[in-house]
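Dropping coords.cif in here (mmCIF, C-alpha atoms):
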```cif
data_model
#
loop_
_atom_site.label_atom_id
_atom_site.label_comp_id
_atom_site.auth_asym_id
_atom_site.auth_seq_id
_atom_site.Cartn_x
_atom_site.Cartn_y
_atom_site.Cartn_z
CA MET O 1 86.54 -50.86 -119.84
CA ALA O 2 84.50 -49.97 -122.93
CA LYS O 3 85.13 -48.23 -126.23
CA VAL O 4 82.70 -45.31 -126.22
CA ALA O 5 81.60 -42.46 -128.47
CA PHE O 6 79.88 -39.38 -127.05
CA LEU O 7 77.99 -37.13 -129.46
CA GLY O 8 77.13 -33.64 -128.23
CA LEU O 9 79.29 -31.58 -125.88
CA GLY O 10 76.91 -29.01 -124.49
CA VAL O 11 76.69 -28.02 -120.84
CA MET O 12 75.60 -31.57 -120.00
CA GLY O 13 77.49 -33.70 -122.49
CA TYR O 14 80.89 -32.06 -122.00
CA PRO O 15 81.29 -33.09 -118.34
CA MET O 16 79.46 -36.41 -118.84
CA ALA O 17 81.96 -37.45 -121.51
CA GLY O 18 84.75 -36.32 -119.21
CA HIS O 19 83.52 -38.60 -116.42
CA LEU O 20 83.67 -41.54 -118.83
CA VAL O 21 87.36 -40.85 -119.43
CA LYS O 22 87.98 -40.55 -115.69
CA GLN O 23 86.46 -43.99 -115.22
CA GLY O 24 88.94 -45.45 -117.67
CA HIS O 25 86.79 -45.78 -120.78
CA GLU O 26 88.25 -45.11 -124.22
CA VAL O 27 86.22 -42.12 -125.40
CA THR O 28 85.84 -40.52 -128.83
CA VAL O 29 83.68 -37.41 -129.13
CA TYR O 30 81.83 -35.52 -131.82
CA ASN O 31 80.41 -32.02 -131.56
CA ARG O 32 78.81 -29.81 -134.19
CA THR O 33 81.25 -27.04 -133.21
CA THR O 34 84.70 -28.51 -133.76
CA ALA O 35 86.40 -26.03 -131.43
CA LYS O 36 84.39 -27.44 -128.51
CA ALA O 37 85.48 -30.99 -129.38
CA LEU O 38 89.10 -29.89 -129.59
CA ALA O 39 88.85 -28.17 -126.21
CA TRP O 40 87.32 -31.29 -124.67
CA ALA O 41 90.03 -33.55 -126.14
CA ALA O 42 92.73 -31.21 -124.82
CA GLU O 43 91.20 -31.20 -121.34
CA PHE O 44 90.41 -34.90 -120.97
CA GLY O 45 92.81 -36.59 -123.37
CA GLY O 46 90.17 -38.40 -125.44
CA GLN O 47 89.82 -38.47 -129.19
CA TYR O 48 87.51 -36.53 -131.49
CA GLN O 49 86.12 -37.10 -134.97
CA ALA O 50 84.61 -34.77 -137.53
CA THR O 51 81.35 -36.70 -138.09
CA PRO O 52 78.98 -38.80 -135.98
CA TYR O 53 79.68 -41.73 -138.32
CA ASP O 54 83.44 -41.58 -137.72
CA ALA O 55 83.03 -41.15 -133.97
CA ALA O 56 80.69 -44.16 -133.72
CA LYS O 57 82.72 -46.50 -135.91
CA GLY O 58 83.76 -49.63 -134.01
CA GLN O 59 82.48 -48.46 -130.62
CA ASP O 60 80.82 -50.66 -128.00
CA PHE O 61 78.57 -47.81 -126.85
CA VAL O 62 77.44 -44.58 -128.47
CA PHE O 63 76.02 -41.90 -126.16
CA VAL O 64 74.09 -38.91 -127.49
CA CYS O 65 73.14 -35.67 -125.72
CA VAL O 66 71.94 -33.01 -128.16
CA GLY O 67 69.16 -30.42 -128.33
CA ASN O 68 65.92 -31.79 -129.76
CA ASP O 69 64.25 -34.33 -132.05
CA ASP O 70 65.71 -32.87 -135.26
CA ASP O 71 69.22 -32.77 -133.78
CA LEU O 72 68.85 -36.43 -132.81
CA ARG O 73 67.84 -37.45 -136.31
CA ALA O 74 70.76 -35.47 -137.72
CA VAL O 75 73.43 -37.21 -135.62
CA ILE O 76 71.95 -40.72 -135.54
CA LEU O 77 70.16 -41.33 -138.84
CA GLY O 78 71.38 -40.87 -142.40
CA GLU O 79 74.59 -41.72 -144.25
CA GLN O 80 76.86 -39.81 -141.87
CA GLY O 81 74.79 -40.62 -138.78
CA ALA O 82 76.10 -42.75 -135.95
CA LEU O 83 73.76 -45.68 -136.55
CA ALA O 84 75.18 -46.34 -140.01
CA ALA O 85 78.59 -47.02 -138.44
CA MET O 86 77.48 -49.08 -135.45
CA LEU O 87 78.11 -52.81 -135.31
CA PRO O 88 75.52 -55.47 -134.43
CA GLY O 89 75.47 -55.99 -130.68
CA SER O 90 76.62 -52.48 -129.84
CA VAL O 91 74.44 -50.12 -127.79
CA LEU O 92 73.06 -46.65 -128.53
CA VAL O 93 72.12 -44.53 -125.49
CA ASP O 94 70.20 -41.29 -125.99
CA HIS O 95 70.46 -38.79 -123.11
CA THR O 96 68.65 -36.02 -125.00
CA THR O 97 65.35 -34.77 -123.61
CA ALA O 98 63.14 -35.34 -126.64
CA SER O 99 59.78 -36.79 -127.63
CA ALA O 100 58.73 -40.37 -127.01
CA ASP O 101 57.91 -40.57 -130.72
CA VAL O 102 61.48 -39.91 -131.85
CA ALA O 103 62.71 -42.43 -129.26
CA ARG O 104 60.50 -45.09 -130.81
CA GLU O 105 61.58 -44.06 -134.32
CA ILE O 106 65.26 -44.39 -133.47
CA GLY O 107 64.61 -47.55 -131.49
CA ALA O 108 63.02 -49.18 -134.52
CA ALA O 109 65.92 -48.12 -136.75
CA ALA O 110 68.42 -49.52 -134.23
CA THR O 111 66.55 -52.82 -133.93
CA ALA O 112 66.68 -53.21 -137.71
CA LYS O 113 70.48 -53.12 -137.45
CA ASP O 114 70.62 -55.39 -134.38
CA VAL O 115 71.84 -52.46 -132.28
CA GLY O 116 70.53 -52.07 -128.74
CA PHE O 117 68.83 -48.77 -127.92
CA ILE O 118 67.65 -47.03 -124.77
CA ASP O 119 66.15 -43.57 -124.37
CA ALA O 120 67.74 -42.23 -121.21
CA PRO O 121 67.04 -38.54 -120.48
CA VAL O 122 68.69 -37.14 -117.37
CA SER O 123 67.80 -34.85 -114.50
CA GLY O 124 70.13 -32.92 -112.23
CA GLY O 125 71.16 -30.03 -114.43
CA GLN O 126 74.62 -28.76 -115.21
CA ALA O 127 75.77 -29.14 -111.61
CA GLY O 128 74.62 -32.78 -111.59
CA ALA O 129 76.52 -33.45 -114.80
CA GLU O 130 79.68 -31.77 -113.53
CA ASN O 131 79.53 -33.63 -110.21
CA GLY O 132 78.61 -36.98 -111.76
CA VAL O 133 75.34 -37.34 -109.81
CA LEU O 134 72.66 -37.31 -112.50
CA THR O 135 69.40 -39.24 -112.37
CA VAL O 136 68.80 -41.27 -115.55
CA MET O 137 65.28 -42.33 -116.62
CA VAL O 138 65.46 -45.23 -119.04
CA GLY O 139 63.20 -46.85 -121.59
CA GLY O 140 64.24 -49.96 -123.48
CA ALA O 141 64.93 -53.67 -123.19
CA GLN O 142 66.15 -54.91 -119.81
CA THR O 143 69.20 -56.57 -121.37
CA THR O 144 70.23 -53.34 -123.11
CA PHE O 145 69.79 -51.37 -119.89
CA ASP O 146 71.82 -53.94 -117.96
CA ALA O 147 74.64 -53.61 -120.49
CA ALA O 148 74.68 -49.80 -120.42
CA LYS O 149 74.13 -49.18 -116.70
CA PRO O 150 77.70 -49.90 -115.52
CA VAL O 151 79.03 -47.39 -118.06
CA MET O 152 76.41 -44.74 -117.20
CA GLN O 153 77.39 -44.99 -113.55
CA ALA O 154 80.40 -42.83 -114.43
CA TYR O 155 78.06 -39.81 -114.20
CA ALA O 156 74.83 -41.15 -112.68
CA ARG O 157 73.82 -41.36 -109.04
CA CYS O 158 70.63 -43.20 -110.04
CA ALA O 159 69.69 -45.02 -113.25
CA GLU O 160 66.42 -46.92 -113.46
CA ARG O 161 64.50 -48.65 -116.25
CA LEU O 162 60.85 -47.54 -116.42
CA GLY O 163 59.61 -49.69 -119.31
CA GLU O 164 60.01 -50.15 -123.03
CA VAL O 165 61.47 -47.62 -125.49
CA GLY O 166 59.84 -44.21 -124.95
CA SER O 167 59.30 -44.73 -121.22
CA GLY O 168 62.38 -42.74 -120.31
CA GLN O 169 61.17 -39.72 -122.24
CA LEU O 170 57.67 -40.02 -120.78
CA THR O 171 59.14 -40.13 -117.27
CA LYS O 172 61.24 -37.04 -117.99
CA MET O 173 58.00 -35.29 -118.96
CA VAL O 174 56.57 -36.17 -115.54
CA ASN O 175 59.75 -34.78 -113.98
CA GLN O 176 59.43 -31.45 -115.79
CA ILE O 177 55.70 -31.19 -115.06
CA CYS O 178 56.40 -31.56 -111.35
CA ILE O 179 59.28 -29.10 -111.37
CA ALA O 180 57.22 -26.43 -113.13
CA GLY O 181 54.54 -26.47 -110.44
CA VAL O 182 57.04 -26.49 -107.58
CA VAL O 183 59.04 -23.54 -108.95
CA GLN O 184 55.90 -21.48 -109.50
CA GLY O 185 54.75 -22.21 -105.95
CA LEU O 186 58.14 -21.19 -104.54
CA ALA O 187 58.14 -18.02 -106.64
CA GLU O 188 54.69 -17.07 -105.39
CA GLY O 189 55.65 -17.80 -101.78
CA LEU O 190 58.74 -15.60 -101.94
CA HIS O 191 56.80 -12.89 -103.74
CA PHE O 192 54.16 -12.97 -101.01
CA ALA O 193 56.82 -12.85 -98.28
CA ARG O 194 58.43 -9.77 -99.78
CA SER O 195 55.10 -8.05 -100.28
CA ALA O 196 54.25 -8.77 -96.64
CA GLY O 197 57.52 -7.28 -95.42
CA LEU O 198 59.00 -10.58 -94.24
CA ASP O 199 62.62 -11.64 -94.34
CA GLY O 200 62.39 -14.27 -97.07
CA GLU O 201 65.58 -16.08 -96.12
CA LYS O 202 64.48 -16.48 -92.51
CA VAL O 203 61.02 -17.59 -93.64
CA VAL O 204 62.48 -20.30 -95.85
CA GLU O 205 64.91 -21.44 -93.16
CA VAL O 206 61.83 -22.23 -91.06
CA ILE O 207 59.39 -23.64 -93.62
CA SER O 208 62.07 -25.77 -95.30
CA LYS O 209 62.13 -27.85 -92.12
CA GLY O 210 58.51 -28.87 -92.74
CA ALA O 211 56.23 -30.11 -95.49
CA ALA O 212 57.05 -27.20 -97.85
CA GLN O 213 60.61 -28.45 -98.34
CA SER O 214 61.78 -29.19 -101.90
CA TRP O 215 65.00 -29.36 -103.90
CA GLN O 216 64.10 -26.06 -105.52
CA MET O 217 63.62 -24.42 -102.13
CA GLU O 218 66.87 -25.80 -100.74
CA ASN O 219 68.97 -24.86 -103.77
CA ARG O 220 67.35 -21.78 -105.29
CA TYR O 221 65.59 -19.67 -102.66
CA GLN O 222 68.60 -17.49 -101.79
CA THR O 223 69.42 -16.59 -105.37
CA MET O 224 65.74 -16.03 -106.15
CA TRP O 225 65.44 -13.67 -103.19
CA GLN O 226 68.48 -11.77 -104.46
CA GLY O 227 67.20 -11.65 -108.05
CA GLU O 228 70.03 -13.78 -109.46
CA TYR O 229 68.98 -16.09 -112.28
CA ASN O 230 72.13 -17.04 -114.14
CA LEU O 231 73.04 -20.36 -112.60
CA GLY O 232 71.00 -23.27 -113.89
CA PHE O 233 68.66 -24.86 -116.41
CA ALA O 234 67.64 -22.19 -118.94
CA VAL O 235 64.08 -21.00 -119.55
CA ASP O 236 64.45 -21.76 -123.27
CA TRP O 237 65.20 -25.40 -122.45
CA MET O 238 62.35 -25.64 -119.97
CA ARG O 239 59.88 -24.31 -122.54
CA LYS O 240 61.12 -26.92 -125.00
CA ASP O 241 60.57 -29.65 -122.42
CA LEU O 242 57.15 -28.40 -121.35
CA GLY O 243 56.12 -28.15 -124.99
CA ILE O 244 57.01 -31.82 -125.46
CA ALA O 245 54.96 -32.73 -122.37
CA LEU O 246 51.95 -30.66 -123.47
CA ASP O 247 52.05 -32.22 -126.94
CA GLU O 248 52.10 -35.69 -125.40
CA ALA O 249 49.24 -34.76 -123.06
CA ARG O 250 47.09 -33.78 -126.02
CA ARG O 251 47.70 -37.23 -127.47
CA ASN O 252 47.07 -39.26 -124.33
CA GLY O 253 44.20 -37.18 -122.94
CA SER O 254 45.99 -35.86 -119.84
CA GLN O 255 44.77 -32.62 -118.28
CA LEU O 256 47.71 -30.34 -117.46
CA PRO O 257 46.20 -26.92 -116.67
CA LEU O 258 48.94 -25.85 -114.25
CA THR O 259 51.70 -26.94 -116.62
CA ALA O 260 50.13 -25.01 -119.49
CA LEU O 261 49.81 -21.92 -117.29
CA VAL O 262 53.42 -22.08 -116.07
CA ASP O 263 54.56 -22.57 -119.66
CA GLN O 264 52.92 -19.25 -120.49
CA PHE O 265 54.57 -17.64 -117.49
CA TYR O 266 57.93 -18.80 -118.86
CA CYS O 267 56.91 -17.29 -122.19
CA ASP O 268 56.52 -13.96 -120.36
CA VAL O 269 60.02 -14.37 -118.88
CA GLN O 270 61.40 -14.98 -122.37
CA ALA O 271 59.67 -11.85 -123.66
CA SER O 272 61.32 -9.80 -120.92
CA GLY O 273 64.79 -10.94 -122.05
CA GLY O 274 65.16 -13.92 -119.73
CA GLU O 275 65.57 -16.67 -122.31
CA ARG O 276 68.86 -17.84 -120.76
CA TRP O 277 67.91 -17.22 -117.14
CA ASP O 278 67.40 -20.35 -115.09
CA THR O 279 63.94 -21.69 -114.32
CA SER O 280 63.74 -20.01 -110.92
CA SER O 281 63.30 -16.71 -112.79
CA LEU O 282 59.53 -17.16 -112.54
CA LEU O 283 59.87 -14.87 -109.53
CA SER O 284 61.12 -12.04 -111.76
CA ARG O 285 57.78 -11.99 -113.55
CA LEU O 286 55.91 -11.49 -110.28
CA GLU O 287 58.34 -8.91 -108.94
CA ARG O 288 57.98 -6.72 -112.03
CA HIS O 289 54.35 -6.16 -111.11
CA ARG O 290 54.78 -5.81 -107.35
CA LYS O 291 53.38 -2.61 -105.89
#
```
Using the file provided, produce a representation of the structure as structure tokens.
Amino acid sequence: MAKVAFLGLGVMGYPMAGHLVKQGHEVTVYNRTTAKALAWAAEFGGQYQATPYDAAKGQDFVFVCVGNDDDLRAVILGEQGALAAMLPGSVLVDHTTASADVAREIGAAATAKDVGFIDAPVSGGQAGAENGVLTVMVGGAQTTFDAAKPVMQAYARCAERLGEVGSGQLTKMVNQICIAGVVQGLAEGLHFARSAGLDGEKVVEVISKGAAQSWQMENRYQTMWQGEYNLGFAVDWMRKDLGIALDEARRNGSQLPLTALVDQFYCDVQASGGERWDTSSLLSRLERHRK
């Protein structure tokens, strides 16, 4: 079993760190809000430290799951950052959804200290984290991935290396691009069904047996039909992720017209007070204008 630090105890990191304890790893946590770290330690029996530096000191692996690029720099780089405390040969794993640029920046800083680094954003949402069935998209050296994979399996159903540092973040962008289009299509389909006087639940029970089937349809159509949007990945987070993808597309010349359009639809949902609603709330925007 490994000595592990986990930095960031949000809706994803809190259960992920807990799964590491359940698998027998020795886990020390850090969280910006100390009360959250204390609650985690009380629940799972691990240790907590007041700074990223102290949490990372002497660990075999340091896992990070925070909000954005600036949060990553704050907990990893600098005098009190985790990297300053990490030993040569240890491994830094970043589960944050962030830019490929910051992944490469941190990867270079880690290499300079002879610390292994992989960017490893996850998909599966809060439920996937709680149930230990996340999908992990990894960029980095094969040897570093091979070292980290057995530990990540505490909370991952699937973990695959896609290429060098940055590839994990780029793959997560593809993931979010695809989800955005699927959710908008499902929202429009349900909106059409209601406008046409159909029983949406019966309609989906039929079409989900054919080519229209998707994870979003299987897991979100009932709550969408009932106008319930407080159960999953928040609109604010999706807009952050789509913004990262659109920025990258401008750099690499990709054309993402649907993604840009859906991003604006999510902006409308935010403006209506739905910042913390889950991503299926695209239907709410259409329903507001239904005759």
(request) Just give me the gap between atom CA of Arg251 of chain O and atom CA of Ala98 of chain O in Å, one decimal is fine. (result) 15.6 Å
(request) Go through O:Leu186, O:Ala147, O:Ala129, O:Ala37 and flag the residue nearest Phe233 of chain O, using all atoms listed in the file for the distances. (result)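 The shortest atom-to-atom distance to Phe233 of chain O comes from O:Ala129.
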Listed atoms of segment 66-79 of chain O boxed along x, y and z, 8 Å each side, centre and edge lengths in Å, one decimal, as JSON:
```
{"center_x": 69.4, "center_y": -36.1, "center_z": -136.2, "size_x": 26.3, "size_y": 27.3, "size_z": 32.1}
```
(message) Please determine, counting only C-alpha atoms, which residue among O:Glu164, O:Asp101, O:Asp60, O:Glu201 has the shortest atom-to-atom distance to Tyr221 of chain O.
(response)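 Among the listed residues, O:Glu201 lies closest to Tyr221 of chain O.
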(request) For the file shown, report as an MDAnalysis selection string the outcome of the PyMOL selection byres ((chain O and resi 181) around 12) at residue level. (result) chainID O and resid 174:180 182:188 214 216 242 256:263 265:266 279:280 282
(message) Ranking O:Ala17, O:Ala159, O:Ala5, O:Ala103 by minimum distance to Ala56 of chain O and counting all atoms listed in the file, which one comes first?
(response) O:Ala5
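Closest approach to Leu162 of chain O among O:Asp119, O:Glu130, O:Glu275, O:Glu248 is made by O:Asp119 (distances from only C-alpha atoms).
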(message) To test your reading of the syntax: which residues would the PyMOL selection byres ((chain O and resi 74) around 12) return for the file shown? Reply as JSON, numbers by chain.
(response) {"O": [7, 8, 31, 32, 51, 52, 53, 64, 66, 67, 68, 69, 70, 71, 72, 73, 75, 76, 77, 78, 79, 80, 81, 82, 83, 84, 102, 106]}
Restricted to C-alpha atoms, what would the selected residues look like written as a compact mmCIF listing (two decimals), keeping the file's coordinate frame?
```
# COMPACT_ATOMS: atom_id res chain seq x y z
CA LEU O 7 77.99 -37.13 -129.46
CA GLY O 8 77.13 -33.64 -128.23
CA ASN O 31 80.41 -32.02 -131.56
CA ARG O 32 78.81 -29.81 -134.19
CA THR O 51 81.35 -36.70 -138.09
CA PRO O 52 78.98 -38.80 -135.98
CA TYR O 53 79.68 -41.73 -138.32
CA VAL O 64 74.09 -38.91 -127.49
CA VAL O 66 71.94 -33.01 -128.16
CA GLY O 67 69.16 -30.42 -128.33
CA ASN O 68 65.92 -31.79 -129.76
CA ASP O 69 64.25 -34.33 -132.05
CA ASP O 70 65.71 -32.87 -135.26
CA ASP O 71 69.22 -32.77 -133.78
CA LEU O 72 68.85 -36.43 -132.81
CA ARG O 73 67.84 -37.45 -136.31
CA VAL O 75 73.43 -37.21 -135.62
CA ILE O 76 71.95 -40.72 -135.54
CA LEU O 77 70.16 -41.33 -138.84
CA GLY O 78 71.38 -40.87 -142.40
CA GLU O 79 74.59 -41.72 -144.25
CA GLN O 80 76.86 -39.81 -141.87
CA GLY O 81 74.79 -40.62 -138.78
CA ALA O 82 76.10 -42.75 -135.95
CA LEU O 83 73.76 -45.68 -136.55
CA ALA O 84 75.18 -46.34 -140.01
CA VAL O 102 61.48 -39.91 -131.85
CA ILE O 106 65.26 -44.39 -133.47
```
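Close contacts of Leu134 of chain O, defined as residues with an atom at most 7 Å away when counting all atoms listed in the file, with chain neighbours fewer than 5 positions off set aside, comprise Val122, Ser123, Gly124, Gly128, Ala129, Tyr155, Ala156, Arg157 and Cys158 of chain O.
Between atom CA of Ser90 of chain O and atom CA of Thr34 of chain O the interatomic distance comes to 25.6 Å.
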On this structure, the PyMOL selection byres ((chain O and resi 241) around 8) would catch which residues? List them as a JSON list (two decimals) with C-alpha atoms, in the frame of the given file, sorted by chain and number.
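New file selection.json:
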```
[["chain", "number", "residue", "atom", "x", "y", "z"],
["O", 97, "THR", "CA", 65.35, -34.77, -123.61],
["O", 98, "ALA", "CA", 63.14, -35.34, -126.64],
["O", 173, "MET", "CA", 58.00, -35.29, -118.96],
["O", 176, "GLN", "CA", 59.43, -31.45, -115.79],
["O", 237, "TRP", "CA", 65.20, -25.40, -122.45],
["O", 238, "MET", "CA", 62.35, -25.64, -119.97],
["O", 239, "ARG", "CA", 59.88, -24.31, -122.54],
["O", 240, "LYS", "CA", 61.12, -26.92, -125.00],
["O", 242, "LEU", "CA", 57.15, -28.40, -121.35],
["O", 243, "GLY", "CA", 56.12, -28.15, -124.99],
["O", 244, "ILE", "CA", 57.01, -31.82, -125.46],
["O", 245, "ALA", "CA", 54.96, -32.73, -122.37]]
```
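Distances here use all atoms listed in the file; by that measure, the residue among O:Val133, O:Thr111, O:Leu283, O:Pro150 closest to Phe192 of chain O is O:Leu283.
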(message) Report, in Å with one decimal, the straight-line distance from atom CA of Trp277 of chain O to atom CA of His191 of chain O.
(response) 17.9 Å
(request) Select all residues near (54.5, -6.6, -104.9) (cut-off 10 Å, inclusive, file coordinates), counting all atoms listed in the file, and output them as number ranges by chain. (result) O: 191-197, 286-291
(message) What's around Phe63 of chain O at 8 Å? Count only C-alpha atoms, leave out sequence neighbours fewer than 3 positions away in its own chain, and write the answer as a count of residues only.
(response) 8
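You can rank O:Ala211, O:Val115, O:Leu9, O:Val151 by their closest distance to Gly89 of chain O using all atoms listed in the file, and at the top of that list sits O:Val115.
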(request) Name all residues at most 8 Å from Gln47 of chain O (count all atoms listed in the file; drop same-chain ones fewer than 5 positions away) and give them as a list in words. (result)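 These residues fall inside the cut-off: Val27, Thr28, Val29 and Ala41 of chain O.
Environment of (69.7, -24.5, -106.7): residues at most 10 Å away, judged by only C-alpha atoms, are Gly125, Ala127, Trp215, Gln216, Met217, Glu218, Asn219, Arg220, Tyr221, Gln222, Thr223, Met224, Leu231, Gly232, Phe233, Asp278, Thr279 and Ser280 of chain O.
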Any chance you could export segment 174-212 of chain O with C-alpha atoms, as a tab-separated table (two decimals), in the first residue's frame?
```tsv
chain	number	residue	atom	x	y	z
O	174	VAL	CA	-13.46	16.00	-26.36
O	175	ASN	CA	-15.60	14.39	-23.66
O	176	GLN	CA	-17.28	17.68	-22.73
O	177	ILE	CA	-17.78	18.68	-26.38
O	178	CYS	CA	-19.63	15.43	-27.00
O	179	ILE	CA	-21.74	15.70	-23.86
O	180	ALA	CA	-22.82	19.25	-24.69
O	181	GLY	CA	-24.25	18.21	-28.05
O	182	VAL	CA	-25.97	15.12	-26.67
O	183	VAL	CA	-27.66	17.01	-23.81
O	184	GLN	CA	-28.91	19.72	-26.15
O	185	GLY	CA	-30.32	17.09	-28.50
O	186	LEU	CA	-32.08	15.31	-25.63
O	187	ALA	CA	-33.47	18.62	-24.34
O	188	GLU	CA	-34.85	19.49	-27.76
O	189	GLY	CA	-36.36	16.02	-28.18
O	190	LEU	CA	-38.17	16.19	-24.85
O	191	HIS	CA	-39.28	19.74	-25.54
O	192	PHE	CA	-40.70	18.64	-28.89
O	193	ALA	CA	-42.46	15.65	-27.29
O	194	ARG	CA	-44.16	17.85	-24.72
O	195	SER	CA	-45.17	20.42	-27.32
O	196	ALA	CA	-46.65	17.61	-29.43
O	197	GLY	CA	-48.69	16.28	-26.51
O	198	LEU	CA	-46.71	13.04	-26.14
O	199	ASP	CA	-45.91	11.18	-22.96
O	200	GLY	CA	-42.18	11.88	-22.79
O	201	GLU	CA	-41.36	8.99	-20.48
O	202	LYS	CA	-43.07	6.48	-22.75
O	203	VAL	CA	-41.40	8.02	-25.80
O	204	VAL	CA	-37.96	7.65	-24.25
O	205	GLU	CA	-38.67	4.10	-23.09
O	206	VAL	CA	-39.12	3.26	-26.78
O	207	ILE	CA	-36.42	5.32	-28.47
O	208	SER	CA	-33.80	4.41	-25.86
O	209	LYS	CA	-33.93	0.87	-27.22
O	210	GLY	CA	-32.62	2.14	-30.57
O	211	ALA	CA	-29.95	4.38	-32.03
O	212	ALA	CA	-30.99	7.43	-29.95
```
